[in-house]
file data-v4.txt (compact mmCIF, C-alpha atoms and all ligand atoms)
# COMPACT_ATOMS: atom_id res chain seq x y z
CA MET A 1 1.74 79.51 -0.19
CA ASN A 2 3.76 79.70 -3.43
CA LEU A 3 5.61 82.98 -3.28
CA PRO A 4 6.82 84.52 -6.55
CA PRO A 5 10.63 84.32 -6.97
CA HIS A 6 11.42 87.82 -5.69
CA LEU A 7 9.59 87.28 -2.37
CA SER A 8 11.12 85.20 0.41
CA VAL A 9 10.97 84.70 4.16
CA ARG A 10 14.28 85.25 6.00
CA ASP A 11 14.55 85.19 9.80
CA SER A 12 10.73 85.36 10.00
CA HIS A 13 10.58 88.55 7.94
CA LEU A 14 9.09 88.91 4.46
CA PHE A 15 11.74 90.10 2.00
CA ILE A 16 11.22 91.64 -1.40
CA GLY A 17 14.37 91.12 -3.45
CA GLU A 18 17.21 91.88 -1.00
CA HIS A 19 15.05 94.11 1.19
CA ASP A 20 13.41 93.41 4.51
CA THR A 21 9.84 94.71 4.25
CA VAL A 22 9.91 95.48 7.97
CA ALA A 23 12.87 97.84 7.50
CA LEU A 24 11.26 99.44 4.43
CA ALA A 25 8.06 100.12 6.38
CA GLU A 26 10.11 101.74 9.17
CA GLU A 27 12.06 103.86 6.73
CA PHE A 28 9.24 105.03 4.46
CA GLY A 29 6.14 104.67 6.65
CA THR A 30 2.90 102.89 5.85
CA PRO A 31 0.78 102.33 3.87
CA LEU A 32 3.55 101.63 1.41
CA PHE A 33 3.65 100.01 -2.02
CA VAL A 34 7.02 98.33 -2.69
CA THR A 35 7.87 97.19 -6.22
CA ASP A 36 10.68 94.93 -7.40
CA GLU A 37 12.12 96.38 -10.62
CA GLU A 38 13.80 93.20 -11.80
CA ARG A 39 10.52 91.30 -11.55
CA VAL A 40 8.80 93.78 -13.86
CA ARG A 41 11.66 93.58 -16.33
CA ALA A 42 11.65 89.78 -16.21
CA ARG A 43 7.92 89.50 -16.91
CA PHE A 44 8.11 91.96 -19.78
CA ARG A 45 11.06 90.10 -21.32
CA GLU A 46 9.29 86.80 -20.95
CA TYR A 47 6.41 88.14 -23.04
CA ARG A 48 8.64 89.62 -25.71
CA GLU A 49 10.92 86.64 -26.04
CA ALA A 50 8.08 84.11 -26.01
CA LEU A 51 6.18 85.96 -28.75
CA GLU A 52 9.30 86.65 -30.81
CA GLY A 53 10.04 82.94 -30.72
CA HIS A 54 6.99 82.45 -32.95
CA TYR A 55 6.87 85.51 -35.20
CA ASP A 56 9.21 88.23 -36.43
CA ARG A 57 6.92 91.26 -36.00
CA VAL A 58 5.90 91.54 -32.37
CA ARG A 59 5.22 94.50 -30.12
CA VAL A 60 4.38 94.42 -26.41
CA LEU A 61 2.36 97.44 -25.31
CA TYR A 62 2.12 97.64 -21.53
CA ALA A 63 -1.42 98.55 -20.37
CA ALA A 64 -0.59 101.70 -18.42
CA LYS A 65 -3.87 101.63 -16.50
CA ALA A 66 -2.58 98.73 -14.42
CA ASN A 67 0.09 100.91 -12.82
CA GLY A 68 0.98 104.29 -14.23
CA ASN A 69 3.87 105.19 -11.99
CA LEU A 70 6.36 107.14 -14.07
CA ALA A 71 9.37 105.22 -12.76
CA LEU A 72 7.75 101.95 -13.68
CA LEU A 73 6.90 103.27 -17.14
CA ARG A 74 10.55 104.34 -17.49
CA VAL A 75 11.68 100.84 -16.56
CA LEU A 76 9.39 99.38 -19.22
CA ALA A 77 10.36 102.02 -21.79
CA SER A 78 14.01 101.01 -21.28
CA GLU A 79 12.99 97.44 -22.17
CA GLY A 80 11.49 98.69 -25.44
CA ALA A 81 7.88 98.58 -24.30
CA GLY A 82 5.15 100.63 -25.87
CA ALA A 83 1.91 101.30 -24.05
CA ASP A 84 -1.82 100.99 -24.37
CA VAL A 85 -3.02 104.34 -23.03
CA PHE A 86 -6.66 104.90 -22.20
CA SER A 87 -6.74 108.61 -21.33
CA PRO A 88 -4.87 111.85 -21.96
CA GLY A 89 -3.23 111.31 -18.56
CA GLU A 90 -1.87 107.91 -19.48
CA LEU A 91 -0.69 109.31 -22.81
CA GLU A 92 1.12 112.13 -21.01
CA LEU A 93 2.78 109.70 -18.58
CA ALA A 94 3.90 107.33 -21.34
CA LEU A 95 5.43 110.21 -23.31
CA ARG A 96 7.14 111.62 -20.20
CA ALA A 97 8.55 108.16 -19.52
CA GLY A 98 10.25 108.39 -22.89
CA MET A 99 8.06 105.97 -24.81
CA ASP A 100 8.14 106.45 -28.55
CA PRO A 101 4.75 107.78 -29.85
CA ASP A 102 5.07 105.13 -32.57
CA ARG A 103 4.79 102.50 -29.84
CA LEU A 104 1.61 103.85 -28.25
CA LEU A 105 -2.03 103.09 -28.93
CA PHE A 106 -4.61 105.58 -27.72
CA ASN A 107 -7.63 103.62 -26.57
CA GLY A 108 -10.91 104.66 -25.02
CA SER A 109 -14.60 103.97 -25.14
CA SER A 110 -15.60 107.63 -24.85
CA LYS A 111 -13.07 110.04 -26.26
CA SER A 112 -13.68 113.76 -26.55
CA ARG A 113 -12.52 115.80 -29.55
CA GLU A 114 -9.81 117.23 -27.26
CA ASP A 115 -8.61 113.70 -26.50
CA LEU A 116 -8.53 112.84 -30.20
CA ALA A 117 -6.68 116.07 -31.04
CA LEU A 118 -4.06 115.26 -28.42
CA ALA A 119 -3.41 111.81 -29.87
CA ALA A 120 -3.46 113.06 -33.46
CA GLY A 121 -1.16 115.95 -32.54
CA HIS A 122 1.43 113.55 -31.12
CA GLY A 123 1.11 111.25 -34.13
CA VAL A 124 -0.18 108.45 -31.90
CA ARG A 125 -2.34 105.73 -33.43
CA VAL A 126 -5.93 105.63 -32.21
CA SER A 127 -8.16 102.66 -31.50
CA LEU A 128 -11.67 103.76 -32.45
CA ASP A 129 -14.71 102.61 -30.53
CA SER A 130 -17.55 103.79 -32.80
CA LEU A 131 -18.34 105.29 -36.19
CA ASP A 132 -19.19 108.53 -34.41
CA GLU A 133 -15.67 108.66 -33.09
CA LEU A 134 -14.32 108.00 -36.59
CA ARG A 135 -16.14 111.05 -37.94
CA ALA A 136 -14.88 113.18 -35.06
CA LEU A 137 -11.28 112.05 -35.56
CA ASP A 138 -11.43 112.65 -39.33
CA ALA A 139 -12.54 116.21 -38.64
CA VAL A 140 -10.01 116.80 -35.87
CA ALA A 141 -7.07 115.34 -37.80
CA GLY A 142 -8.11 117.39 -40.84
CA THR A 143 -8.02 120.60 -38.80
CA LEU A 144 -4.53 119.71 -37.59
CA GLY A 145 -3.42 118.90 -41.14
CA LYS A 146 -2.60 115.33 -40.09
CA THR A 147 -3.49 111.83 -41.18
CA THR A 148 -4.07 109.59 -38.18
CA GLU A 149 -3.59 105.86 -38.34
CA VAL A 150 -6.32 103.87 -36.66
CA ALA A 151 -7.64 100.50 -35.65
CA PHE A 152 -11.17 99.65 -34.64
CA ARG A 153 -11.71 98.03 -31.27
CA VAL A 154 -13.78 94.98 -32.12
CA ASN A 155 -16.09 93.28 -29.68
CA PRO A 156 -15.68 89.57 -30.47
CA ALA A 157 -18.73 88.65 -28.33
CA LEU A 158 -17.04 85.86 -26.39
CA GLU A 159 -18.18 84.46 -23.06
CA ILE A 160 -15.09 84.79 -20.86
CA PRO A 161 -14.53 82.94 -17.58
CA THR A 162 -13.74 85.91 -15.33
CA HIS A 163 -15.53 88.40 -13.08
CA PRO A 164 -18.36 90.02 -15.13
CA LYS A 165 -17.08 93.50 -14.27
CA ILE A 166 -13.78 92.80 -16.06
CA ALA A 167 -15.05 90.76 -19.03
CA THR A 168 -14.84 93.35 -21.78
CA GLY A 169 -15.58 91.26 -24.86
CA LEU A 170 -19.08 90.04 -24.02
CA ALA A 171 -21.78 90.83 -26.55
CA SER A 172 -23.32 93.16 -23.94
CA SER A 173 -20.07 94.96 -23.10
CA LYS A 174 -19.73 98.70 -23.74
CA PHE A 175 -16.45 98.32 -25.61
CA GLY A 176 -15.84 98.26 -29.34
CA ILE A 177 -17.92 97.73 -32.44
CA PRO A 178 -19.85 94.47 -32.95
CA HIS A 179 -17.73 92.00 -34.93
CA ALA A 180 -20.55 91.72 -37.50
CA GLU A 181 -20.09 95.41 -38.34
CA VAL A 182 -16.37 95.34 -38.98
CA LYS A 183 -16.67 95.47 -42.78
CA GLU A 184 -18.94 98.48 -42.66
CA ALA A 185 -16.62 100.24 -40.21
CA TYR A 186 -13.47 99.71 -42.30
CA ALA A 187 -15.31 100.70 -45.47
CA ALA A 188 -16.20 103.93 -43.67
CA VAL A 189 -12.57 104.55 -42.68
CA LEU A 190 -11.40 103.96 -46.22
CA ALA A 191 -13.74 106.74 -47.30
CA CYS A 192 -12.20 109.22 -44.82
CA GLU A 193 -9.61 111.72 -45.87
CA HIS A 194 -7.57 112.17 -42.69
CA VAL A 195 -7.76 108.72 -41.14
CA ARG A 196 -6.01 105.61 -42.39
CA PRO A 197 -6.98 102.10 -41.28
CA VAL A 198 -3.90 100.14 -40.25
CA GLY A 199 -4.98 97.87 -37.41
CA LEU A 200 -7.52 95.62 -35.83
CA HIS A 201 -7.86 95.59 -32.05
CA CYS A 202 -9.62 93.59 -29.37
CA HIS A 203 -9.39 92.98 -25.65
CA ILE A 204 -11.58 90.23 -24.27
CA GLY A 205 -11.27 90.78 -20.53
CA SER A 206 -8.96 90.62 -17.60
CA GLN A 207 -7.72 88.10 -15.01
CA ILE A 208 -8.33 85.22 -17.44
CA LEU A 209 -6.68 82.01 -16.26
CA ALA A 210 -7.57 79.78 -19.23
CA LEU A 211 -5.82 79.89 -22.60
CA GLU A 212 -8.73 78.83 -24.78
CA PRO A 213 -10.49 82.26 -24.75
CA PHE A 214 -7.32 83.90 -26.10
CA VAL A 215 -7.03 81.24 -28.81
CA GLU A 216 -10.66 81.76 -29.72
CA ALA A 217 -10.18 85.54 -29.85
CA ALA A 218 -7.17 85.04 -32.15
CA ARG A 219 -9.34 82.92 -34.47
CA VAL A 220 -12.04 85.61 -34.59
CA MET A 221 -9.45 88.32 -35.25
CA ILE A 222 -7.89 86.35 -38.10
CA ARG A 223 -11.30 85.92 -39.69
CA LEU A 224 -11.93 89.66 -39.37
CA ALA A 225 -8.43 90.47 -40.67
CA GLY A 226 -9.40 88.53 -43.80
CA GLU A 227 -12.57 90.59 -44.18
CA VAL A 228 -10.67 93.85 -43.73
CA ALA A 229 -7.92 92.81 -46.16
CA ASP A 230 -10.61 91.96 -48.75
CA LEU A 231 -11.82 95.56 -48.55
CA GLY A 232 -8.39 96.73 -49.63
CA ALA A 233 -7.10 97.98 -46.26
CA ARG A 234 -3.43 97.14 -45.63
CA LEU A 235 -3.33 95.81 -42.10
CA GLU A 236 -0.11 96.75 -40.33
CA PHE A 237 -1.01 95.30 -36.96
CA VAL A 238 -3.45 93.04 -35.17
CA ASP A 239 -3.69 93.81 -31.46
CA LEU A 240 -4.99 90.96 -29.32
CA GLY A 241 -5.19 93.05 -26.13
CA GLY A 242 -4.18 91.92 -22.67
CA GLY A 243 -5.98 89.91 -20.06
CA LEU A 244 -3.74 87.09 -18.85
CA GLY A 245 -4.44 86.48 -15.17
CA ILE A 246 -2.16 85.78 -12.24
CA PRO A 247 -2.55 83.22 -9.42
CA TYR A 248 -3.85 85.52 -6.67
CA ARG A 249 -4.75 82.43 -4.61
CA ARG A 250 -1.17 81.42 -4.13
CA GLY A 251 -2.10 78.27 -2.28
CA ASP A 252 -4.16 76.56 -4.93
CA GLU A 253 -4.38 78.50 -8.17
CA SER A 254 -2.10 78.62 -11.16
CA ALA A 255 -1.98 80.86 -14.20
CA PRO A 256 -0.51 80.31 -17.65
CA SER A 257 2.86 82.02 -18.12
CA PRO A 258 3.44 84.48 -20.97
CA ARG A 259 5.33 81.64 -22.67
CA GLU A 260 2.35 79.29 -22.42
CA TYR A 261 0.15 82.09 -23.73
CA ALA A 262 2.46 82.57 -26.72
CA ASP A 263 2.68 78.84 -27.38
CA ALA A 264 -1.12 78.59 -27.45
CA VAL A 265 -2.01 81.74 -29.37
CA MET A 266 0.84 82.30 -31.80
CA PRO A 267 0.46 79.14 -33.91
CA VAL A 268 -3.15 80.17 -34.63
CA PHE A 269 -2.12 83.71 -35.44
CA VAL A 270 0.86 82.77 -37.60
CA ALA A 271 -1.02 80.09 -39.55
CA GLY A 272 -3.90 82.54 -39.98
CA VAL A 273 -1.90 85.42 -41.42
CA GLU A 274 0.09 83.07 -43.65
CA ALA A 275 -3.13 81.64 -45.05
CA LEU A 276 -4.35 85.17 -45.74
CA GLY A 277 -1.03 86.13 -47.34
CA ILE A 278 -0.61 89.15 -45.06
CA HIS A 279 2.15 90.01 -42.62
CA PRO A 280 0.82 92.39 -39.96
CA ALA A 281 2.67 92.96 -36.69
CA LEU A 282 1.25 91.18 -33.68
CA TRP A 283 0.60 93.47 -30.74
CA VAL A 284 -0.44 92.49 -27.23
CA GLU A 285 -1.36 94.75 -24.30
CA PRO A 286 -0.72 92.96 -21.01
CA GLY A 287 -1.03 94.96 -17.81
CA ARG A 288 -1.69 92.82 -14.76
CA SER A 289 0.51 89.89 -15.76
CA ILE A 290 3.53 92.22 -16.05
CA VAL A 291 3.21 94.20 -12.83
CA ALA A 292 0.77 92.58 -10.37
CA ASP A 293 3.11 90.29 -8.49
CA SER A 294 6.02 92.77 -8.51
CA THR A 295 4.48 94.75 -5.66
CA VAL A 296 3.44 94.30 -2.04
CA LEU A 297 1.29 96.71 -0.09
CA LEU A 298 2.62 97.10 3.45
CA THR A 299 0.14 98.15 6.07
CA ARG A 300 0.54 98.61 9.81
CA VAL A 301 -1.77 97.04 12.40
CA ASN A 302 -3.53 99.73 14.43
CA SER A 303 -5.54 97.44 16.67
CA THR A 304 -7.17 94.05 16.86
CA LYS A 305 -10.64 93.19 18.03
CA ALA A 306 -12.32 89.93 18.97
CA ALA A 307 -15.91 90.63 17.92
CA HIS A 308 -18.12 88.18 16.02
CA ARG A 309 -14.95 87.64 14.01
CA ARG A 310 -11.31 88.38 14.79
CA PHE A 311 -10.57 91.72 13.18
CA ILE A 312 -7.11 93.02 12.37
CA ASN A 313 -7.49 96.76 11.78
CA VAL A 314 -4.79 98.12 9.50
CA ASP A 315 -3.92 101.53 8.06
CA ALA A 316 -4.66 100.70 4.38
CA GLY A 317 -8.14 100.02 3.09
CA PHE A 318 -10.03 100.18 -0.15
CA ASN A 319 -8.66 103.68 -0.57
CA HIS A 320 -5.36 101.91 -1.38
CA LEU A 321 -6.55 98.60 -2.83
CA ILE A 322 -10.13 98.56 -4.03
CA ARG A 323 -10.02 95.17 -5.74
CA PRO A 324 -11.39 93.09 -2.83
CA ALA A 325 -14.28 95.53 -2.28
CA MET A 326 -15.02 96.03 -5.97
CA TYR A 327 -14.62 92.54 -7.43
CA ASP A 328 -14.55 90.33 -4.33
CA ALA A 329 -10.94 89.82 -5.36
CA TYR A 330 -8.66 87.63 -3.30
CA HIS A 331 -5.20 88.85 -2.28
CA GLU A 332 -2.90 86.82 -0.06
CA VAL A 333 -1.89 88.49 3.20
CA VAL A 334 1.27 87.75 5.17
CA VAL A 335 2.22 89.05 8.61
CA ALA A 336 5.49 90.51 7.36
CA ASN A 337 7.34 90.69 10.69
CA ARG A 338 6.30 87.16 11.74
CA ALA A 339 6.00 85.52 8.37
CA ASP A 340 6.61 81.96 9.57
CA ALA A 341 4.44 82.13 12.71
CA THR A 342 1.78 79.45 13.04
CA PRO A 343 -1.81 80.52 12.34
CA VAL A 344 -4.04 80.50 15.40
CA GLY A 345 -7.34 80.81 13.56
CA PRO A 346 -9.24 82.87 11.03
CA ALA A 347 -8.87 86.64 11.01
CA THR A 348 -10.25 89.41 8.87
CA VAL A 349 -8.00 92.26 7.77
CA ALA A 350 -10.05 95.47 7.75
CA GLY A 351 -9.10 98.95 6.58
CA PRO A 352 -9.73 102.36 8.18
CA ILE A 353 -12.51 103.45 5.80
CA CYS A 354 -16.03 104.12 7.07
CA GLU A 355 -17.67 101.38 5.01
CA SER A 356 -18.41 97.83 6.05
CA GLY A 357 -17.08 96.67 2.66
CA ASP A 358 -13.63 97.95 3.57
CA ILE A 359 -12.14 94.50 4.03
CA LEU A 360 -8.82 93.50 2.47
CA ALA A 361 -8.99 89.81 3.40
CA SER A 362 -11.77 87.77 5.03
CA ASP A 363 -11.40 84.92 7.50
CA ARG A 364 -7.83 83.93 6.70
CA PRO A 365 -5.78 81.61 8.88
CA LEU A 366 -3.40 84.09 10.52
CA PRO A 367 -1.09 84.06 13.55
CA ASP A 368 -1.58 86.10 16.68
CA VAL A 369 -1.20 89.72 15.68
CA GLY A 370 -1.16 92.95 17.66
CA GLU A 371 -0.70 96.69 17.37
CA GLY A 372 2.46 97.60 15.47
CA ASP A 373 2.72 94.37 13.51
CA LEU A 374 3.07 94.68 9.74
CA VAL A 375 0.77 93.07 7.19
CA ALA A 376 1.82 92.60 3.56
CA VAL A 377 -0.89 92.34 0.93
CA LEU A 378 0.57 90.48 -2.03
CA ASP A 379 0.08 91.02 -5.76
CA ALA A 380 -0.81 94.68 -5.32
CA GLY A 381 1.11 96.00 -8.35
CA ALA A 382 -1.78 96.02 -10.82
CA TYR A 383 -4.90 98.11 -10.29
CA GLY A 384 -3.70 98.97 -6.78
CA PHE A 385 -2.33 102.49 -6.62
CA SER A 386 -3.83 103.23 -10.04
CA MET A 387 -7.35 102.74 -8.62
CA SER A 388 -6.64 104.31 -5.24
CA SER A 389 -8.51 107.32 -3.92
CA GLN A 390 -8.55 109.91 -1.17
CA TYR A 391 -11.89 108.67 0.16
CA ASN A 392 -12.53 109.64 3.78
CA SER A 393 -9.98 112.36 3.03
CA ARG A 394 -7.10 110.00 3.59
CA PRO A 395 -3.85 110.91 1.85
CA ARG A 396 -2.45 108.09 -0.27
CA GLY A 397 0.72 106.25 0.73
CA ALA A 398 4.13 106.23 -0.87
CA GLU A 399 5.58 103.93 -3.54
CA VAL A 400 9.14 102.60 -3.34
CA LEU A 401 11.17 100.84 -6.02
CA VAL A 402 13.81 98.27 -5.10
CA ARG A 403 16.57 96.96 -7.35
CA GLY A 404 19.43 94.85 -6.02
CA ASP A 405 20.67 96.63 -2.89
CA ASP A 406 19.09 99.93 -3.94
CA ARG A 407 15.79 101.32 -2.80
CA ALA A 408 14.24 104.67 -3.58
CA PRO A 409 10.84 106.35 -3.45
CA MET A 410 9.00 106.55 -6.75
CA ARG A 411 6.17 108.54 -5.19
CA ARG A 412 6.10 110.36 -1.88
CA ALA A 413 3.25 109.82 0.53
CA GLU A 414 0.56 112.46 0.26
CA THR A 415 0.08 114.79 3.22
CA LEU A 416 -2.99 116.49 4.66
CA GLU A 417 -1.92 119.52 2.65
CA ASP A 418 -2.35 117.50 -0.57
CA LEU A 419 -6.03 117.09 0.28
CA VAL A 420 -6.67 120.80 -0.16
CA LEU A 421 -4.18 121.64 -2.92
CA ALA A 422 -6.69 121.59 -5.77
CA GLN A 423 -9.59 123.02 -3.81
CA ALA A 424 -10.68 126.63 -4.06
CA THR A 425 -12.74 128.83 -1.77
CA PRO A 426 -15.57 130.66 -3.58
CA PRO A 427 -15.15 134.42 -2.96
CA TRP A 428 -18.38 134.71 -0.95
CA LEU A 429 -17.14 132.31 1.73
N1 LIG B 1 -6.03 96.54 -23.10
C1 LIG B 1 -7.24 97.07 -22.88
C2 LIG B 1 -7.93 97.72 -23.99
C3 LIG B 1 -7.84 96.99 -21.61
O1 LIG B 1 -9.05 97.50 -21.44
C4 LIG B 1 -7.13 96.37 -20.56
C5 LIG B 1 -7.72 96.29 -19.22
C6 LIG B 1 -5.85 95.84 -20.82
C7 LIG B 1 -5.34 95.93 -22.11
C8 LIG B 1 -5.02 95.17 -19.76
O2 LIG B 1 -5.62 94.04 -19.23
P1 LIG B 1 -4.80 93.13 -18.20
O3 LIG B 1 -3.66 92.50 -18.95
O4 LIG B 1 -4.30 94.01 -17.12
O5 LIG B 1 -5.79 92.16 -17.74
N2 LIG B 1 -9.43 96.93 -12.53
C9 LIG B 1 -9.64 95.54 -12.88
C10 LIG B 1 -9.11 95.22 -14.26
C11 LIG B 1 -9.70 96.10 -15.34
C12 LIG B 1 -9.07 95.85 -16.69
C13 LIG B 1 -9.50 96.86 -17.69
N3 LIG B 1 -8.88 96.73 -18.96
C14 LIG B 1 -9.01 94.66 -11.80
O6 LIG B 1 -8.45 95.19 -10.83
O7 LIG B 1 -9.10 93.43 -11.87

call {"tool": "encode", "arguments": {"input": "data-v4.txt", "output": "structure tokens"}}
result
Amino acid sequence: MNLPPHLSVRDSHLFIGEHDTVALAEEFGTPLFVTDEERVRARFREYREALEGHYDRVRVLYAAKANGNLALLRVLASEGAGADVFSPGELELALRAGMDPDRLLFNGSSKSREDLALAAGHGVRVSLDSLDELRALDAVAGTLGKTTEVAFRVNPALEIPTHPKIATGLASSKFGIPHAEVKEAYAAVLACEHVRPVGLHCHIGSQILALEPFVEAARVMIRLAGEVADLGARLEFVDLGGGLGIPYRRGDESAPSPREYADAVMPVFVAGVEALGIHPALWVEPGRSIVADSTVLLTRVNSTKAAHRRFINVDAGFNHLIRPAMYDAYHEVVVANRADATPVGPATVAGPICESGDILASDRPLPDVGEGDLVAVLDAGAYGFSMSSQYNSRPRGAEVLVRGDDRAPMRRAETLEDLVLAQATPPWL
């Protein structure tokens, strides 16, 4: 298994940075997400530096949906990151983390007038998903006495090699306006009083391991940028979205690095804007490829069972990491307290949720394991905690950040009390 650079095995224990995961699990309890701060910083920098090597106007907006922990957003803000925010909650978190409103893009496929007013009120640019939304924003911004800068999210109608549930730029996808209607949409914005068209936005999908789809999307966006410029709109940015995958199958999969992404996409972008005689900023919105491998999910073995298969029953399930259940996603698992033990045969790691789909890993070659052992699920930093739930009324686990010799919680574990905090008893009961 090819471990990322911040993970190592020392004296049979899995380490994250300088920290023994076994000791962290003892100290903070399980289930526990542990994130390596330096890894997040390094991935972000790699993106920025690789893109800046090709073009002088670059902005990396972290996709906050991947992992919205405030501490993590603060780390990224300190690196100069902006954020793609997809809800009022993500907007709130990004602002609280100290991100400059000028570096945020408010996205969404179904925004309410309240959502639009929030973005307009903060002076945050909005990516519009329909002409209906344009009319609503024009009215809302007018009421606030503001002019809001916008992009349209364009659906480039590309067939993307990824799981259909996370391919967002298919012709049939719910996101964005059809690329054939871009002219009409920008003509409509130009006719609005309180909305100014400044950008063009797309996002073709997620967990994409090939570079060609990104290159193709860049070509489509350049063509559309030409159409928009012809209408008289002054494009200040083109946002190519996120979507670069990571090698979840650490044995036999590889993923392009941010540098390889930049080397493939940027020549097309730069040649394109030069040919058009425009100089918009280039924005990207990576989420997964910045945070996924920074984090392990530690989960304690409650019991094992030799049934039709060998089951390892652990204390985290799809309430903590829904990706395997939702997308048949693959995450490597390591027995963290016996990380170099020899596998004795296939085993299935199952969570505590009352659903037969609550499986974190199926039929993996794993060593002998028993009650009290510790399992680490790798690459849990993106769409892990952010998609977690309290299903089966299970409180969520804690999150810990490590940096050098330091370690500190960045979210406490929920308690049974947290399950009832927002509930109310109707007066007749
Ligand atoms: N920008 C927009 C507009 C997006 O919709 C997304 C992800 C991103 C950026 C970031 O994409 P990334 O770089 O993380 O691939 N829950 C799924 C992934 C859903 C992605 C949704 N949009 C999963 O766990 O695989």

call {"tool": "residues_near_ligand", "arguments": {"input": "data-v4.txt", "ligand": "ligand LIG 1 (chain B)", "cutoff": "6 Å", "atoms": "only C-alpha atoms and all ligand atoms", "output": "ChimeraX atom specification"}}
result
/A:63,66,166,203,206-207,241-244,285-289,323,383

call {"tool": "residues_around", "arguments": {"input": "data-v4.txt", "residues": "A:Ala42", "least_positions_apart": "5", "cutoff": "9 Å", "atoms": "all atoms listed in the file", "output": "PyMOL selection string"}}
result
chain A and resi 37+47+290

call {"tool": "residues_around", "arguments": {"input": "data-v4.txt", "residues": "A:Val60", "least_positions_apart": "6", "cutoff": "9 Å", "atoms": "all atoms listed in the file", "output": "list in words"}}
result
Phe44, Tyr47, Arg48, Leu51, Gly80, Ala81, Gly82, Ala83, Arg103, Leu282, Trp283, Val284, Glu285 and Pro286 of chain A

call {"tool": "closest_residue", "arguments": {"input": "data-v4.txt", "among": "A:Arg153, A:Arg234, A:His122, A:His331", "to": "A:Leu91", "atoms": "only C-alpha atoms"}}
result
A:His122

call {"tool": "closest_residue", "arguments": {"input": "data-v4.txt", "among": "A:Arg74, A:Leu137, A:Pro197, A:Val220", "to": "A:Pro156", "atoms": "all atoms listed in the file"}}
result
A:Val220

call {"tool": "residues_around", "arguments": {"input": "data-v4.txt", "residues": "stretch 173-185 of chain A", "least_positions_apart": "5", "cutoff": "12 Å", "atoms": "all atoms listed in the file", "output": "ChimeraX atom specification"}}
result
/A:107-110,127-135,150-160,164-168,190-192,197,199-205,217,220-233

call {"tool": "atom_distance", "arguments": {"input": "data-v4.txt", "atom1": "atom CA of A:His54", "atom2": "atom CA of A:Met266"}}
result
6.3 Å

call {"tool": "closest_residue", "arguments": {"input": "data-v4.txt", "among": "A:Met326, A:Val296, A:Asn319, A:Leu374", "to": "A:Ile353", "atoms": "all atoms listed in the file"}}
result
A:Asn319

call {"tool": "residues_around", "arguments": {"input": "data-v4.txt", "residues": "A:Phe28", "least_positions_apart": "5", "cutoff": "10 Å", "atoms": "all atoms listed in the file", "output": "ChimeraX atom specification"}}
result
/A:23,33,397-400,408-409,412-413

call {"tool": "write_last_selection", "arguments": {"input": "data-v4.txt", "atoms": "C-alpha atoms", "output": "mmCIF file, keeping the file's coordinate frame"}}
result
data_model
loop_
_atom_site.group_PDB
_atom_site.id
_atom_site.type_symbol
_atom_site.label_atom_id
_atom_site.label_comp_id
_atom_site.auth_asym_id
_atom_site.auth_seq_id
_atom_site.Cartn_x
_atom_site.Cartn_y
_atom_site.Cartn_z
ATOM 1 C CA ALA A 23 12.870 97.840 7.500
ATOM 2 C CA PHE A 33 3.650 100.010 -2.020
ATOM 3 C CA GLY A 397 0.720 106.250 0.730
ATOM 4 C CA ALA A 398 4.130 106.230 -0.870
ATOM 5 C CA GLU A 399 5.580 103.930 -3.540
ATOM 6 C CA VAL A 400 9.140 102.600 -3.340
ATOM 7 C CA ALA A 408 14.240 104.670 -3.580
ATOM 8 C CA PRO A 409 10.840 106.350 -3.450
ATOM 9 C CA ARG A 412 6.100 110.360 -1.880
ATOM 10 C CA ALA A 413 3.250 109.820 0.530
#

call {"tool": "atom_distance", "arguments": {"input": "data-v4.txt", "atom1": "atom CA of A:Glu149", "atom2": "atom CA of A:Phe214"}}
result
25.4 Å

call {"tool": "atom_distance", "arguments": {"input": "data-v4.txt", "atom1": "atom CA of A:Ala64", "atom2": "atom CA of A:Asp84"}}
result
6.1 Å

call {"tool": "closest_residue", "arguments": {"input": "data-v4.txt", "among": "A:Leu298, A:Leu144, A:Leu209, A:Ala139", "to": "A:Pro247", "atoms": "all atoms listed in the file"}}
result
A:Leu209

call {"tool": "closest_residue", "arguments": {"input": "data-v4.txt", "among": "A:Ala141, A:Ala292, A:Leu419, A:Val75", "to": "A:Arg125", "atoms": "all atoms listed in the file"}}
result
A:Ala141

call {"tool": "closest_residue", "arguments": {"input": "data-v4.txt", "among": "A:Asp418, A:Gly317, A:Leu61, A:Glu114", "to": "A:Pro101", "atoms": "only C-alpha atoms"}}
result
A:Leu61

call {"tool": "residues_around", "arguments": {"input": "data-v4.txt", "residues": "A:Gly404", "least_positions_apart": "6", "cutoff": "9 Å", "atoms": "only C-alpha atoms", "output": "mmCIF file with C-alpha atoms, keeping the file's coordinate frame"}}
result
data_model
loop_
_atom_site.group_PDB
_atom_site.id
_atom_site.type_symbol
_atom_site.label_atom_id
_atom_site.label_comp_id
_atom_site.auth_asym_id
_atom_site.auth_seq_id
_atom_site.Cartn_x
_atom_site.Cartn_y
_atom_site.Cartn_z
ATOM 1 C CA GLY A 17 14.370 91.120 -3.450
ATOM 2 C CA GLU A 18 17.210 91.880 -1.000
ATOM 3 C CA HIS A 19 15.050 94.110 1.190
ATOM 4 C CA ASP A 36 10.680 94.930 -7.400
ATOM 5 C CA GLU A 37 12.120 96.380 -10.620
ATOM 6 C CA GLU A 38 13.800 93.200 -11.800
#
